[in-house]
file my_file-v5.csv (CSV, C-alpha atoms)
chain,number,residue,atom,x,y,z
A,1,MET,CA,5.2,25.6,4.8
A,2,LEU,CA,5.5,21.8,5.2
A,3,GLY,CA,8.6,21.1,3.1
A,4,PRO,CA,10.9,20.4,1.5
A,5,TRP,CA,13.3,19.3,4.2
A,6,LYS,CA,17.0,19.9,3.7
A,7,CYS,CA,19.2,16.8,3.3
A,8,LEU,CA,22.6,17.3,5.0
A,9,HIS,CA,24.2,14.0,4.0
A,10,ARG,CA,23.1,10.8,2.1
A,11,GLU,CA,24.7,7.4,1.6
A,12,VAL,CA,23.7,4.0,0.2
A,13,LEU,CA,23.9,1.5,3.1
A,14,ALA,CA,23.0,-1.6,1.1
A,15,ASP,CA,21.9,-2.9,-2.3
A,16,TYR,CA,19.6,-5.9,-2.3
A,17,LYS,CA,18.7,-6.2,-6.0
A,18,VAL,CA,15.0,-5.4,-5.5
A,19,PHE,CA,15.7,-2.3,-3.4
A,20,ARG,CA,18.6,-0.2,-2.1
A,21,ILE,CA,18.7,1.2,1.4
A,22,TRP,CA,19.7,4.9,1.8
A,23,ARG,CA,20.4,6.8,5.0
A,24,GLU,CA,19.8,10.5,4.7
A,25,GLN,CA,20.6,12.9,7.5
A,26,VAL,CA,17.8,15.5,7.3
A,27,GLN,CA,17.1,18.9,9.0
A,28,PRO,CA,13.4,19.4,9.3
A,29,PRO,CA,12.8,23.2,9.4
A,30,ARG,CA,11.4,23.4,12.9
A,31,ALA,CA,13.5,20.6,14.4
A,32,THR,CA,16.3,21.5,16.8
A,33,LYS,CA,18.6,18.8,15.5
A,34,PRO,CA,19.1,16.6,12.4
A,35,TYR,CA,17.3,13.3,12.0
A,36,ASP,CA,18.4,10.1,10.3
A,37,PHE,CA,15.9,8.7,7.7
A,38,TYR,CA,16.2,5.2,6.3
A,39,LEU,CA,14.7,5.0,2.8
A,40,LEU,CA,14.1,2.1,0.4
A,41,GLU,CA,14.8,3.0,-3.1
A,42,ALA,CA,12.9,0.7,-5.5
A,43,ILE,CA,12.1,1.0,-9.1
A,44,ASP,CA,8.5,1.8,-10.0
A,45,TRP,CA,5.9,-0.9,-9.8
A,46,VAL,CA,2.7,-1.5,-11.9
A,47,ASN,CA,-0.7,-3.0,-11.3
A,48,VAL,CA,-3.2,-4.0,-13.9
A,49,ILE,CA,-6.9,-4.4,-13.7
A,50,PRO,CA,-7.7,-6.8,-16.6
A,51,VAL,CA,-11.4,-6.8,-17.6
A,52,THR,CA,-12.8,-9.4,-20.0
A,53,PRO,CA,-15.4,-8.6,-22.6
A,54,GLU,CA,-17.9,-10.4,-20.3
A,55,GLY,CA,-17.1,-8.0,-17.5
A,56,GLN,CA,-15.0,-10.4,-15.4
A,57,ILE,CA,-11.7,-9.4,-13.8
A,58,VAL,CA,-8.6,-11.6,-14.1
A,59,PHE,CA,-7.1,-12.1,-10.7
A,60,VAL,CA,-4.0,-14.2,-9.7
A,61,ARG,CA,-3.4,-16.2,-6.6
A,62,GLN,CA,0.2,-16.7,-5.5
A,63,TYR,CA,2.2,-17.5,-2.4
A,64,ARG,CA,3.7,-14.3,-1.1
A,65,TYR,CA,7.0,-14.8,0.8
A,66,GLY,CA,6.8,-11.6,2.9
A,67,THR,CA,3.6,-12.5,4.6
A,68,LYS,CA,4.0,-16.3,4.0
A,69,GLU,CA,0.4,-16.6,2.8
A,70,VAL,CA,-1.4,-17.2,-0.4
A,71,SER,CA,-2.6,-13.8,-1.7
A,72,LEU,CA,-5.4,-13.0,-4.1
A,73,GLU,CA,-4.3,-10.1,-6.3
A,74,ILE,CA,-4.4,-8.5,-9.7
A,75,PRO,CA,-1.4,-8.9,-12.0
A,76,GLY,CA,1.5,-6.6,-11.4
A,77,GLY,CA,5.2,-6.3,-10.8
A,78,ALA,CA,8.2,-4.1,-11.2
A,79,VAL,CA,9.0,-1.9,-14.2
A,80,ASP,CA,12.1,-3.7,-15.6
A,81,PRO,CA,15.0,-1.7,-17.0
A,82,GLU,CA,14.2,-3.3,-20.4
A,83,ASP,CA,10.5,-2.1,-20.3
A,84,PRO,CA,10.1,1.0,-22.5
A,85,SER,CA,7.4,2.4,-20.2
A,86,PRO,CA,5.2,1.5,-17.2
A,87,LEU,CA,2.4,0.8,-19.7
A,88,GLU,CA,4.5,-1.8,-21.5
A,89,ALA,CA,5.6,-3.2,-18.1
A,90,ALA,CA,1.9,-3.6,-17.3
A,91,ARG,CA,1.2,-5.4,-20.6
A,92,ARG,CA,4.2,-7.7,-20.1
A,93,GLU,CA,3.2,-8.6,-16.5
A,94,LEU,CA,-0.4,-9.3,-17.5
A,95,ARG,CA,0.8,-11.5,-20.3
A,96,GLU,CA,3.4,-13.4,-18.3
A,97,GLU,CA,1.3,-14.0,-15.2
A,98,THR,CA,-2.0,-14.8,-16.9
A,99,GLY,CA,-1.6,-15.4,-20.6
A,100,TYR,CA,-4.1,-12.6,-21.3
A,101,ALA,CA,-3.6,-9.6,-23.6
A,102,PRO,CA,-5.7,-6.4,-23.8
A,103,GLU,CA,-7.3,-4.6,-26.6
A,104,HIS,CA,-6.4,-1.4,-24.9
A,105,LEU,CA,-4.5,-0.2,-21.8
A,106,ARG,CA,-5.7,2.9,-20.0
A,107,TYR,CA,-3.8,4.8,-17.2
A,108,LEU,CA,-5.8,5.2,-14.0
A,109,GLY,CA,-3.1,7.0,-12.0
A,110,ALA,CA,-0.2,6.4,-9.7
A,111,VAL,CA,-0.1,5.7,-5.9
A,112,ALA,CA,2.7,5.9,-3.4
A,113,PRO,CA,3.3,2.5,-1.9
A,114,ASN,CA,4.6,4.1,1.3
A,115,PRO,CA,5.7,7.8,1.0
A,116,ALA,CA,7.4,7.7,4.4
A,117,ILE,CA,10.0,5.1,3.5
A,118,LEU,CA,9.6,4.1,-0.1
A,119,THR,CA,10.7,6.4,-2.9
A,120,ASN,CA,8.8,4.8,-5.7
A,121,ARG,CA,5.3,4.8,-7.3
A,122,CYS,CA,3.0,2.1,-8.3
A,123,HIS,CA,1.2,2.9,-11.7
A,124,VAL,CA,-2.3,1.5,-12.2
A,125,PHE,CA,-3.6,0.5,-15.6
A,126,LEU,CA,-7.0,-0.7,-16.7
A,127,ALA,CA,-6.7,-3.4,-19.3
A,128,GLU,CA,-9.8,-3.4,-21.4
A,129,ASN,CA,-11.2,-6.4,-23.4
A,130,VAL,CA,-8.5,-8.8,-22.3
A,131,ARG,CA,-8.5,-12.2,-24.0
A,132,LEU,CA,-6.5,-15.4,-23.4
A,133,VAL,CA,-3.8,-15.5,-26.0
A,134,GLY,CA,-1.4,-18.2,-24.7
A,135,ALA,CA,0.1,-19.9,-21.7
A,136,GLN,CA,1.6,-18.2,-18.7
A,137,GLN,CA,5.3,-17.3,-18.9
A,138,LEU,CA,6.5,-17.7,-15.3
A,139,ASP,CA,10.0,-17.4,-14.0
A,140,GLY,CA,11.4,-20.3,-12.0
A,141,ALA,CA,10.2,-19.1,-8.6
A,142,GLU,CA,6.7,-18.1,-9.7
A,143,GLU,CA,3.6,-20.3,-9.2
A,144,ILE,CA,0.5,-18.4,-10.1
A,145,GLU,CA,-3.1,-19.5,-10.4
A,146,VAL,CA,-5.5,-17.5,-12.6
A,147,VAL,CA,-8.9,-16.7,-11.1
A,148,LEU,CA,-11.7,-14.9,-12.9
A,149,LEU,CA,-14.0,-12.9,-10.6
A,150,GLU,CA,-17.2,-11.0,-11.3
A,151,VAL,CA,-16.8,-7.3,-10.7
A,152,GLY,CA,-19.8,-7.4,-8.4
A,153,GLU,CA,-18.3,-10.0,-6.0
A,154,ILE,CA,-15.1,-8.0,-5.4
A,155,PRO,CA,-16.5,-5.7,-2.6
A,156,GLU,CA,-17.8,-8.7,-0.6
A,157,ARG,CA,-14.5,-10.6,-1.0
A,158,ILE,CA,-12.6,-7.5,0.3
A,159,MET,CA,-14.9,-7.2,3.3
A,160,ARG,CA,-14.4,-10.9,4.0
A,161,GLY,CA,-10.7,-10.4,4.1
A,162,GLU,CA,-9.9,-12.4,0.9
A,163,ILE,CA,-8.1,-9.5,-0.8
A,164,THR,CA,-5.7,-7.7,1.5
A,165,HIS,CA,-2.8,-6.5,-0.6
A,166,ALA,CA,-2.8,-2.7,0.0
A,167,LEU,CA,-1.6,-1.8,-3.5
A,168,VAL,CA,-4.3,-4.0,-5.0
A,169,LEU,CA,-7.0,-2.4,-2.9
A,170,ALA,CA,-5.8,1.0,-3.8
A,171,ALA,CA,-5.9,0.1,-7.5
A,172,LEU,CA,-9.3,-1.4,-7.3
A,173,TYR,CA,-10.6,1.7,-5.5
A,174,LEU,CA,-9.3,3.9,-8.3
A,175,TYR,CA,-11.1,1.6,-10.8
A,176,MET,CA,-14.3,1.5,-8.8
A,177,LEU,CA,-14.3,5.3,-8.5
A,178,GLY,CA,-13.7,5.7,-12.2
A,179,GLN,CA,-16.6,3.3,-12.9
A,180,GLN,CA,-18.8,5.6,-10.9
A,181,GLY,CA,-18.4,8.2,-13.5
A,182,LEU,CA,-16.0,10.6,-11.7
A,183,ALA,CA,-13.7,12.6,-13.8
A,184,GLN,CA,-10.5,10.8,-14.9
A,185,PRO,CA,-7.3,12.0,-13.1
A,186,SER,CA,-4.8,14.2,-15.0
A,187,ARG,CA,-1.5,12.8,-13.7
B,188,MET,CA,-1.0,-26.2,-3.8
B,189,LEU,CA,0.6,-22.7,-3.9
B,190,GLY,CA,2.5,-22.8,-0.6
B,191,PRO,CA,4.1,-22.7,1.8
B,192,TRP,CA,7.6,-22.5,0.5
B,193,LYS,CA,10.4,-24.2,2.4
B,194,CYS,CA,13.0,-21.8,3.9
B,195,LEU,CA,16.5,-23.4,3.7
B,196,HIS,CA,18.4,-20.6,5.5
B,197,ARG,CA,17.7,-17.2,7.0
B,198,GLU,CA,19.8,-14.4,8.3
B,199,VAL,CA,19.4,-10.8,9.4
B,200,LEU,CA,21.5,-8.6,7.1
B,201,ALA,CA,20.8,-5.2,8.7
B,202,ASP,CA,18.8,-3.5,11.4
B,203,TYR,CA,17.7,0.1,10.6
B,204,LYS,CA,15.4,0.8,13.6
B,205,VAL,CA,12.2,1.2,11.6
B,206,PHE,CA,12.8,-2.1,9.8
B,207,ARG,CA,15.2,-5.1,9.7
B,208,ILE,CA,16.4,-6.7,6.4
B,209,TRP,CA,16.3,-10.5,6.2
B,210,ARG,CA,17.7,-12.7,3.5
B,211,GLU,CA,16.0,-16.0,3.2
B,212,GLN,CA,17.1,-18.8,0.9
B,213,VAL,CA,13.9,-20.5,-0.3
B,214,GLN,CA,13.0,-23.6,-2.2
B,215,PRO,CA,9.7,-23.0,-4.1
B,216,PRO,CA,8.2,-26.5,-4.7
B,217,ARG,CA,8.4,-26.5,-8.5
B,218,ALA,CA,11.6,-24.5,-8.8
B,219,THR,CA,14.8,-26.3,-9.8
B,220,LYS,CA,17.0,-24.3,-7.6
B,221,PRO,CA,16.8,-22.2,-4.4
B,222,TYR,CA,16.1,-18.5,-4.6
B,223,ASP,CA,17.2,-15.6,-2.3
B,224,PHE,CA,14.4,-13.4,-1.0
B,225,TYR,CA,15.1,-10.1,0.6
B,226,LEU,CA,12.5,-9.2,3.2
B,227,LEU,CA,11.7,-6.1,5.3
B,228,GLU,CA,10.6,-7.0,8.8
B,229,ALA,CA,8.7,-4.1,10.3
B,230,ILE,CA,6.3,-3.9,13.3
B,231,ASP,CA,2.6,-3.5,12.4
B,232,TRP,CA,1.2,-0.2,11.4
B,233,VAL,CA,-2.2,1.4,12.1
B,234,ASN,CA,-4.4,3.8,10.1
B,235,VAL,CA,-7.3,5.7,11.6
B,236,ILE,CA,-10.4,7.1,9.8
B,237,PRO,CA,-11.6,9.8,12.3
B,238,VAL,CA,-15.2,11.0,11.7
B,239,THR,CA,-16.6,14.0,13.5
B,240,PRO,CA,-20.2,14.2,14.7
B,241,GLU,CA,-20.8,16.5,11.7
B,242,GLY,CA,-19.6,13.8,9.3
B,243,GLN,CA,-16.3,15.3,8.4
B,244,ILE,CA,-13.1,13.2,8.2
B,245,VAL,CA,-10.0,14.5,10.0
B,246,PHE,CA,-7.0,14.3,7.5
B,247,VAL,CA,-3.4,15.3,8.1
B,248,ARG,CA,-1.0,16.9,5.7
B,249,GLN,CA,2.7,16.3,6.1
B,250,TYR,CA,6.0,16.3,4.2
B,251,ARG,CA,6.9,12.7,3.5
B,252,TYR,CA,10.6,12.0,3.2
B,253,GLY,CA,10.4,8.9,1.0
B,254,THR,CA,8.6,10.6,-1.9
B,255,LYS,CA,9.9,14.1,-0.9
B,256,GLU,CA,6.4,15.5,-1.3
B,257,VAL,CA,3.6,16.8,0.9
B,258,SER,CA,1.0,14.1,1.4
B,259,LEU,CA,-2.6,14.3,2.3
B,260,GLU,CA,-3.4,11.3,4.6
B,261,ILE,CA,-5.4,10.0,7.5
B,262,PRO,CA,-3.6,9.7,10.9
B,263,GLY,CA,-1.5,6.6,11.4
B,264,GLY,CA,1.9,5.2,12.4
B,265,ALA,CA,3.6,2.2,13.9
B,266,VAL,CA,2.4,0.1,16.8
B,267,ASP,CA,5.0,1.0,19.4
B,268,PRO,CA,6.3,-1.6,21.8
B,269,GLU,CA,4.6,0.3,24.6
B,270,ASP,CA,1.2,0.3,22.9
B,271,PRO,CA,-1.0,-2.4,24.6
B,272,SER,CA,-2.7,-3.1,21.2
B,273,PRO,CA,-3.1,-1.9,17.7
B,274,LEU,CA,-6.3,-0.2,18.8
B,275,GLU,CA,-4.5,1.8,21.5
B,276,ALA,CA,-1.8,2.7,19.0
B,277,ALA,CA,-4.5,4.0,16.7
B,278,ARG,CA,-6.0,6.1,19.6
B,279,ARG,CA,-2.5,7.4,20.4
B,280,GLU,CA,-1.6,8.3,16.8
B,281,LEU,CA,-4.9,10.1,16.4
B,282,ARG,CA,-4.4,12.1,19.6
B,283,GLU,CA,-0.8,13.0,18.8
B,284,GLU,CA,-1.1,13.9,15.2
B,285,THR,CA,-4.5,15.8,15.4
B,286,GLY,CA,-5.5,16.5,19.0
B,287,TYR,CA,-8.7,14.6,18.4
B,288,ALA,CA,-10.1,11.8,20.5
B,289,PRO,CA,-12.9,9.3,19.6
B,290,GLU,CA,-16.0,8.3,21.4
B,291,HIS,CA,-15.5,4.8,20.0
B,292,LEU,CA,-12.9,2.9,17.9
B,293,ARG,CA,-14.1,0.2,15.6
B,294,TYR,CA,-11.8,-2.3,13.7
B,295,LEU,CA,-12.3,-2.3,10.0
B,296,GLY,CA,-9.7,-5.0,9.1
B,297,ALA,CA,-6.1,-5.4,8.3
B,298,VAL,CA,-4.2,-5.0,5.0
B,299,ALA,CA,-0.8,-6.3,3.8
B,300,PRO,CA,1.4,-3.2,2.9
B,301,ASN,CA,3.3,-5.3,0.4
B,302,PRO,CA,3.0,-9.1,0.9
B,303,ALA,CA,6.0,-9.8,-1.4
B,304,ILE,CA,8.6,-8.0,0.6
B,305,LEU,CA,7.1,-6.7,3.9
B,306,THR,CA,6.2,-9.1,6.7
B,307,ASN,CA,3.8,-6.8,8.5
B,308,ARG,CA,0.1,-5.7,8.5
B,309,CYS,CA,-1.5,-2.3,8.7
B,310,HIS,CA,-4.6,-2.3,10.9
B,311,VAL,CA,-7.4,0.0,10.0
B,312,PHE,CA,-9.7,1.6,12.6
B,313,LEU,CA,-12.8,3.8,12.3
B,314,ALA,CA,-12.8,6.5,15.0
B,315,GLU,CA,-16.4,7.5,15.6
B,316,ASN,CA,-17.5,10.9,16.9
B,317,VAL,CA,-14.1,12.4,17.3
B,318,ARG,CA,-13.7,15.7,19.1
B,319,LEU,CA,-10.8,18.1,19.5
B,320,VAL,CA,-9.6,17.6,23.1
B,321,GLY,CA,-6.2,19.4,23.0
B,322,ALA,CA,-3.2,20.4,21.0
B,323,GLN,CA,-1.1,18.1,18.8
B,324,GLN,CA,1.7,16.2,20.5
B,325,LEU,CA,4.3,16.0,17.8
B,326,ASP,CA,7.8,14.7,18.0
B,327,GLY,CA,10.8,16.8,16.9
B,328,ALA,CA,10.8,15.8,13.3
B,329,GLU,CA,7.0,16.0,12.7
B,330,GLU,CA,5.2,18.9,11.2
B,331,ILE,CA,1.6,18.1,10.6
B,332,GLU,CA,-1.4,20.2,9.4
B,333,VAL,CA,-4.9,19.1,10.3
B,334,VAL,CA,-7.4,19.3,7.5
B,335,LEU,CA,-11.2,18.5,7.8
B,336,LEU,CA,-12.7,17.1,4.7
B,337,GLU,CA,-16.3,16.3,3.9
B,338,VAL,CA,-16.8,12.6,3.2
B,339,GLY,CA,-18.4,13.4,-0.1
B,340,GLU,CA,-15.4,15.2,-1.5
B,341,ILE,CA,-13.0,12.4,-0.9
B,342,PRO,CA,-13.6,10.4,-4.1
B,343,GLU,CA,-13.0,13.5,-6.3
B,344,ARG,CA,-9.8,14.4,-4.4
B,345,ILE,CA,-8.6,10.8,-5.0
B,346,MET,CA,-9.4,11.0,-8.7
B,347,ARG,CA,-7.6,14.3,-8.9
B,348,GLY,CA,-4.5,12.7,-7.5
B,349,GLU,CA,-4.6,14.6,-4.2
B,350,ILE,CA,-4.6,11.5,-2.0
B,351,THR,CA,-2.0,8.9,-3.2
B,352,HIS,CA,-0.8,7.0,-0.2
B,353,ALA,CA,-1.7,3.4,-1.0
B,354,LEU,CA,-2.3,2.4,2.6
B,355,VAL,CA,-4.6,5.4,3.0
B,356,LEU,CA,-6.5,4.5,-0.1
B,357,ALA,CA,-6.9,0.9,1.0
B,358,ALA,CA,-8.2,2.1,4.4
B,359,LEU,CA,-10.7,4.6,2.8
B,360,TYR,CA,-11.9,1.8,0.4
B,361,LEU,CA,-12.6,-0.5,3.4
B,362,TYR,CA,-14.5,2.4,5.1
B,363,MET,CA,-16.5,3.3,1.9
B,364,LEU,CA,-17.4,-0.4,1.4
B,365,GLY,CA,-18.5,-0.6,5.0
B,366,GLN,CA,-20.7,2.5,4.6
B,367,GLN,CA,-22.4,0.9,1.6
B,368,GLY,CA,-23.9,-1.6,4.1
B,369,LEU,CA,-21.7,-4.7,3.3
B,370,ALA,CA,-21.2,-7.2,6.1
B,371,GLN,CA,-18.3,-6.3,8.4
B,372,PRO,CA,-15.2,-8.5,8.1
B,373,SER,CA,-14.5,-11.2,10.7
B,374,ARG,CA,-10.7,-11.1,11.0
call {"tool": "encode", "arguments": {"input": "my_file-v5.csv", "output": "structure tokens"}}
result
Amino acid sequence: MLGPWKCLHREVLADYKVFRIWREQVQPPRATKPYDFYLLEAIDWVNVIPVTPEGQIVFVRQYRYGTKEVSLEIPGGAVDPEDPSPLEAARRELREETGYAPEHLRYLGAVAPNPAILTNRCHVFLAENVRLVGAQQLDGAEEIEVVLLEVGEIPERIMRGEITHALVLAALYLYMLGQQGLAQPSR
Amino acid sequence: MLGPWKCLHREVLADYKVFRIWREQVQPPRATKPYDFYLLEAIDWVNVIPVTPEGQIVFVRQYRYGTKEVSLEIPGGAVDPEDPSPLEAARRELREETGYAPEHLRYLGAVAPNPAILTNRCHVFLAENVRLVGAQQLDGAEEIEVVLLEVGEIPERIMRGEITHALVLAALYLYMLGQQGLAQPSR
């Protein structure tokens, strides 16, 4: 029996807008003493794989302030409190970051960004038959370049180290496995 | 020109052992005012894909306190200050969590766990011809079950939602692409 572990005490240590820090004192069943776990509580995130009718994928390039590097990614972001659902958050992020809108959005599944310290999920959507419908709608801190890539060049770009965002790689892997005709997930 | 962005001021807000919180006041080039970014500074992490001579992959199952669920993963963890290198950290984590040791460790590349808020990398290693050499060496809070999976069943388990850790999915994707005969990354 691997879990659940009993929480003895929990408290918010800090609230930094994009995440809150919790400390939980936990008693793992076979441990001889309680342990402190530090957790990041964040709202759920979404990632979108936008595919054009010509079979290209709409990527974005942006400067990422955590790694202080320009990162090649698929569109995505946080599910805002005003978003009715993760699906609508995916549609909004796609529209804002790229100016593209999909004919149809399909759920590919959810991944855990880091189940040891993060409490949230990242939902992955396939945006089918996306078309450019307008200009980007960026907030003041965002600078995003739109880049169309052929599906077939993505594996080589990954192996060359041009796509390194773990959540993006996880999303692309789900997509590639789905394309290989495996059963769709029921989650 | 997408970056770099100029940091006007930075300060440590908190130190929680497994990560430190930074606030950085930043001036994105085209923004009209500075923005506060909250960053998590963590030491680098490693993930290991251990393959037996029979072609099985050594997975671990453990209760993860962030998501409060049992998670099916490959071995991994943080590069400790005492580890001479990420490669040696990978060897140590594999030995501690599973009791297995490799004939050879090969670097598959690094991924960014979340380039927007995390500063660190997760290094991915392929552990070839691993063999059971002893018992697990777990710390007091760890409870880990070792599970051998056939390489061929991994895609279906992912699509069924049985493997959801984003860093594990990213590592497995790098491995699968490498197995498909793509050039190895130079990073």
call {"tool": "closest_atom_pairs", "arguments": {"input": "my_file-v5.csv", "of": "chain B", "to": "chain A", "cutoff": "6 Å", "atoms": "only C-alpha atoms", "output": "tab-separated table"}}
result
residue	atom	partner	partner_atom	distance
B:Leu189	CA	A:Tyr63	CA	5.6
B:Gly190	CA	A:Tyr63	CA	5.6
B:Pro215	CA	A:Ala141	CA	6.0
B:Ala218	CA	A:Gly140	CA	5.3
B:Tyr250	CA	A:Gly3	CA	5.6
B:Arg251	CA	A:Ala116	CA	5.1
B:Tyr252	CA	A:Ala116	CA	5.5
B:Gly253	CA	A:Ile117	CA	4.6
B:Thr254	CA	A:Thr119	CA	4.8
B:Val298	CA	A:Thr164	CA	4.7
B:Ala299	CA	A:His165	CA	4.8
B:Pro300	CA	A:Ala166	CA	5.1
B:Pro302	CA	A:Gly66	CA	5.0
B:Ala303	CA	A:Gly66	CA	4.7
B:Ile304	CA	A:Gly66	CA	4.6
B:Leu305	CA	A:Gly66	CA	5.0
B:Thr306	CA	A:Gly66	CA	4.6
B:Gly327	CA	A:Ala31	CA	5.3
B:Ala328	CA	A:Ala31	CA	5.6
B:Met346	CA	A:Pro185	CA	5.0
B:Arg347	CA	A:Pro185	CA	4.8
B:Thr351	CA	A:Val111	CA	4.6
B:His352	CA	A:Ala112	CA	4.9
B:Ala353	CA	A:Pro113	CA	5.2
B:Leu354	CA	A:Ala166	CA	5.7
B:Leu356	CA	A:Ala170	CA	5.1
B:Ala357	CA	A:Ala170	CA	4.9
B:Pro372	CA	A:Arg160	CA	4.8
call {"tool": "residues_around", "arguments": {"input": "my_file-v5.csv", "residues": "Val58 (chain A)", "least_positions_apart": "3", "cutoff": "7 Å", "atoms": "all atoms listed in the file", "output": "PyMOL selection string"}}
result
chain A and resi 50-51+74+146-149
call {"tool": "atom_distance", "arguments": {"input": "my_file-v5.csv", "atom1": "CA of Val60 (chain A)", "atom2": "CA of Glu103 (chain A)"}}
result
19.7 Å
call {"tool": "residues_near_point", "arguments": {"input": "my_file-v5.csv", "point": "(-5.5, 17.8, 21.5)", "cutoff": "9 Å", "atoms": "all atoms listed in the file", "output": "CSV table (one decimal) with C-alpha atoms, in the frame of the given file"}}
result
chain,number,residue,atom,x,y,z
B,282,ARG,CA,-4.4,12.1,19.6
B,283,GLU,CA,-0.8,13.0,18.8
B,284,GLU,CA,-1.1,13.9,15.2
B,285,THR,CA,-4.5,15.8,15.4
B,286,GLY,CA,-5.5,16.5,19.0
B,287,TYR,CA,-8.7,14.6,18.4
B,288,ALA,CA,-10.1,11.8,20.5
B,318,ARG,CA,-13.7,15.7,19.1
B,319,LEU,CA,-10.8,18.1,19.5
B,320,VAL,CA,-9.6,17.6,23.1
B,321,GLY,CA,-6.2,19.4,23.0
B,322,ALA,CA,-3.2,20.4,21.0
B,323,GLN,CA,-1.1,18.1,18.8
B,324,GLN,CA,1.7,16.2,20.5
call {"tool": "atom_distance", "arguments": {"input": "my_file-v5.csv", "atom1": "CA of Glu337 (chain B)", "atom2": "CA of Pro240 (chain B)"}}
result
11.7 Å
call {"tool": "residues_around", "arguments": {"input": "my_file-v5.csv", "residues": "Val266 (chain B)", "least_positions_apart": "3", "cutoff": "7 Å", "atoms": "only C-alpha atoms", "output": "list in words"}}
result
Ile230, Asp231, Trp232, Val233, Asp270, Pro273 and Ala276 of chain B
call {"tool": "closest_residue", "arguments": {"input": "my_file-v5.csv", "among": "A:Leu72, A:Pro84, A:Val124, A:Val48", "to": "Pro102 (chain A)", "atoms": "only C-alpha atoms"}}
result
A:Val48
call {"tool": "build_atoms", "arguments": {"input": "my_file-v5.csv", "residues": "region 266-277 of chain B", "atoms": "N, CA and C atoms", "output": "PDB file, keeping the file's coordinate frame"}}
result
ATOM      1  N   VAL B 266       2.767   0.626  15.459  1.00  0.00           N
ATOM      2  CA  VAL B 266       2.400   0.100  16.800  1.00  0.00           C
ATOM      3  C   VAL B 266       3.667   0.084  17.613  1.00  0.00           C
ATOM      4  N   ASP B 267       3.813   0.997  18.577  1.00  0.00           N
ATOM      5  CA  ASP B 267       5.000   1.000  19.400  1.00  0.00           C
ATOM      6  C   ASP B 267       5.054  -0.142  20.361  1.00  0.00           C
ATOM      7  N   PRO B 268       6.259  -0.551  20.776  1.00  0.00           N
ATOM      8  CA  PRO B 268       6.300  -1.600  21.800  1.00  0.00           C
ATOM      9  C   PRO B 268       5.536  -1.323  23.045  1.00  0.00           C
ATOM     10  N   GLU B 269       5.388  -0.034  23.378  1.00  0.00           N
ATOM     11  CA  GLU B 269       4.600   0.300  24.600  1.00  0.00           C
ATOM     12  C   GLU B 269       3.136   0.325  24.387  1.00  0.00           C
ATOM     13  N   ASP B 270       2.677   0.266  23.140  1.00  0.00           N
ATOM     14  CA  ASP B 270       1.200   0.300  22.900  1.00  0.00           C
ATOM     15  C   ASP B 270       0.649  -1.089  23.308  1.00  0.00           C
ATOM     16  N   PRO B 271      -0.397  -1.093  24.157  1.00  0.00           N
ATOM     17  CA  PRO B 271      -1.000  -2.400  24.600  1.00  0.00           C
ATOM     18  C   PRO B 271      -1.598  -3.159  23.426  1.00  0.00           C
ATOM     19  N   SER B 272      -2.013  -2.481  22.358  1.00  0.00           N
ATOM     20  CA  SER B 272      -2.700  -3.100  21.200  1.00  0.00           C
ATOM     21  C   SER B 272      -2.691  -2.216  20.047  1.00  0.00           C
ATOM     22  N   PRO B 273      -2.952  -2.760  18.843  1.00  0.00           N
ATOM     23  CA  PRO B 273      -3.100  -1.900  17.700  1.00  0.00           C
ATOM     24  C   PRO B 273      -4.185  -0.813  17.898  1.00  0.00           C
ATOM     25  N   LEU B 274      -5.275  -1.180  18.571  1.00  0.00           N
ATOM     26  CA  LEU B 274      -6.300  -0.200  18.800  1.00  0.00           C
ATOM     27  C   LEU B 274      -5.830   0.965  19.653  1.00  0.00           C
ATOM     28  N   GLU B 275      -5.043   0.678  20.677  1.00  0.00           N
ATOM     29  CA  GLU B 275      -4.500   1.800  21.500  1.00  0.00           C
ATOM     30  C   GLU B 275      -3.464   2.579  20.730  1.00  0.00           C
ATOM     31  N   ALA B 276      -2.742   1.914  19.826  1.00  0.00           N
ATOM     32  CA  ALA B 276      -1.800   2.700  19.000  1.00  0.00           C
ATOM     33  C   ALA B 276      -2.568   3.626  18.076  1.00  0.00           C
ATOM     34  N   ALA B 277      -3.714   3.178  17.572  1.00  0.00           N
ATOM     35  CA  ALA B 277      -4.500   4.000  16.700  1.00  0.00           C
ATOM     36  C   ALA B 277      -5.040   5.244  17.510  1.00  0.00           C
TER      37      ALA B 277
END
